[in-house]
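Asker: Below: one structure in structure tokens.
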Amino acid sequence: MLANMLLALYLVTGFWVGSVISSYFNVVIARGFIKSLWQSSYCDSCGNPLKSWQLIPVISSTYYLFVKSPCCGKKTTINYLITEILGGITGLLIVLRLETSTLSLPSIILLILAITLFLYLAIEDIWKYEINITLAVSLIVGFFLWANILPHSIVEVFSSTPQLLAAIIYGLIVLLLIIFSKGKGLGVGDIYLVFFMGLSLGLRNALIALQISIYTSALVGIMVAIFKKKYKGLIIPLVPFLFLGWLVVISFPLFPAAVLHLLGF
């Protein structure tokens, strides 16, 4: 009983910490890192400072999505709520991963840093529909260096195919899709992130992660198209779905093997 209560407390804490970090990332993306450190929070519409109770992640974003702001009478964009929920889910899954983890401390640090950086790129794509190439390359280089020190430290690789080869294969596939589609729907930044997914997960695990990304993005795209009644020219950010697929596989290392078993592989 006590163990279940402690786990529930850890999960709630993980969700709250993740949503707070995502809320801060929103500020960094909007103002830049330097200004986010010294400027107090204020309303995006009128510039009036926000009170403490207006800064509670998820709760305040949900409230002001439906209720007009008392300072300027405007509602907030749904992006705040989406990003804070994404961060909350990320924090929750990190707690679940660490709860059953036998990773060493350096591996745990690597895992959290990689997740945090990937989360930032996902949030940035939600707001700007673009990817910071420098950060994406840093994610790849950082993981590659760590992986040579701690090989297979994050997930169990269910394939004998070298992870670098998997990264090259999936990166080339995305590059070909960009060439044949003339850059519609995919960008150069997606190559780096898919390359990272192959590098960190291996061939089969990355395939499962990419399928999760494709199916969830397609489902959300259909729902948004129906809601907006717009079926042509609709653009949705891809990085959050790449992050989601990668995060699921990272958080549940046995998940890809179970899927492959069900498919008869």
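Every chain in the structure tokens has a letter given in the order shown (A, B, ...), and although residue numbers restart at 1 in each chain, ligands are simply numbered from 1 in the order shown.
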Which residues are close to stretch 161-173 of chain A, i.e. within 12 Å by only C-alpha atoms, leaving aside same-chain residues fewer than 5 positions away? Reply as a short mmCIF file (atom, residue, chain, number, x, y, z; two decimals) with C-alpha atoms, in the first residue's frame.

Answerer:
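For reference, out.cif as written:
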data_model
loop_
_atom_site.label_atom_id
_atom_site.label_comp_id
_atom_site.auth_asym_id
_atom_site.auth_seq_id
_atom_site.Cartn_x
_atom_site.Cartn_y
_atom_site.Cartn_z
CA ILE A 140 23.44 13.37 -32.14
CA VAL A 141 27.06 14.17 -31.31
CA PHE A 143 24.75 10.69 -27.73
CA PHE A 144 27.31 9.25 -30.13
CA ALA A 147 27.30 5.61 -26.57
CA ASN A 148 30.91 4.75 -27.30
CA PRO A 151 27.25 1.11 -25.38
CA HIS A 152 23.57 0.12 -25.29
CA VAL A 155 17.69 0.54 -24.31
CA GLU A 156 18.22 -3.07 -25.13
CA ILE A 178 12.17 15.15 -48.93
CA ILE A 179 13.61 14.98 -52.45
CA PHE A 180 10.59 13.23 -53.99
CA LEU A 186 9.31 17.17 -44.20
CA GLY A 187 12.37 19.31 -43.66
CA VAL A 188 16.12 18.86 -43.37
CA GLY A 189 15.87 19.04 -39.58
CA ASP A 190 13.77 15.87 -39.56
CA ILE A 191 16.74 13.98 -41.05
CA TYR A 192 18.86 14.76 -38.02
CA LEU A 193 16.21 13.66 -35.55
CA VAL A 194 15.40 10.44 -37.40
CA PHE A 195 19.16 9.81 -37.60
CA PHE A 196 19.31 10.25 -33.82
CA MET A 197 16.40 7.84 -33.34
CA GLY A 198 18.20 5.17 -35.35
CA LEU A 199 21.46 5.85 -33.53
CA SER A 200 19.93 5.60 -30.06
CA LEU A 201 17.43 2.80 -30.67
CA GLY A 202 18.81 0.50 -33.36
CA LEU A 203 17.07 -0.80 -36.47
CA ARG A 204 14.00 -2.59 -35.10
CA ASN A 205 13.35 -0.32 -32.12
CA ALA A 206 13.58 2.78 -34.28
CA LEU A 207 11.17 1.21 -36.77
CA ALA A 209 9.17 4.32 -32.79
CA LEU A 210 8.76 5.73 -36.30
#

Asker: How would you write, as a ChimeraX atom specification, the set of residues in stretch 57-186 of chain A that DSSP gives as alpha helix (DSSP H)?

Answerer: /A:59-66,78-99,105-128,133-149,163-181

Asker: Could you tell me how far atom CA of A:Leu247 lies from atom CA of A:Ser41, in Å and to one decimal?

Answerer: 29.8 Å

Asker: Tell me, in Å to one decimal, how far atom CA of A:Ile212 is from atom CA of A:Val137.

Answerer: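 Between atom CA of A:Ile212 and atom CA of A:Val137 the gap is 23.1 Å.
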
Asker: Per residue of stretch 78-140 of chain A within 10 Å of stretch 62-68 of chain A, record the nearest atom pair and its distance in Å to one decimal, counting only C-alpha atoms, with rows in chain order and ascending residue number, as a Markdown table.

Answerer:
| residue | atom | partner | partner_atom | distance |
| --- | --- | --- | --- | --- |
| A:Ile78 | CA | A:Leu65 | CA | 6.4 |
| A:Asn79 | CA | A:Leu65 | CA | 9.7 |
| A:Tyr80 | CA | A:Thr62 | CA | 8.6 |
| A:Leu81 | CA | A:Thr62 | CA | 6.2 |
| A:Ile82 | CA | A:Thr62 | CA | 9.6 |

Asker: Interatomic distance between atom CA of A:Leu121 and atom CA of A:Leu55?

Answerer: 22.3 Å

Asker: For stretch 111-115 of chain A, find every residue with an atom within 10 Å (counting only C-alpha atoms), except residues of its own chain fewer than 3 positions away, and show them as a ChimeraX atom specification.

Answerer: /A:90-91,94,97-98,103,105-108,118-121,138-140,142-143,153-155,200,243,246-247,250
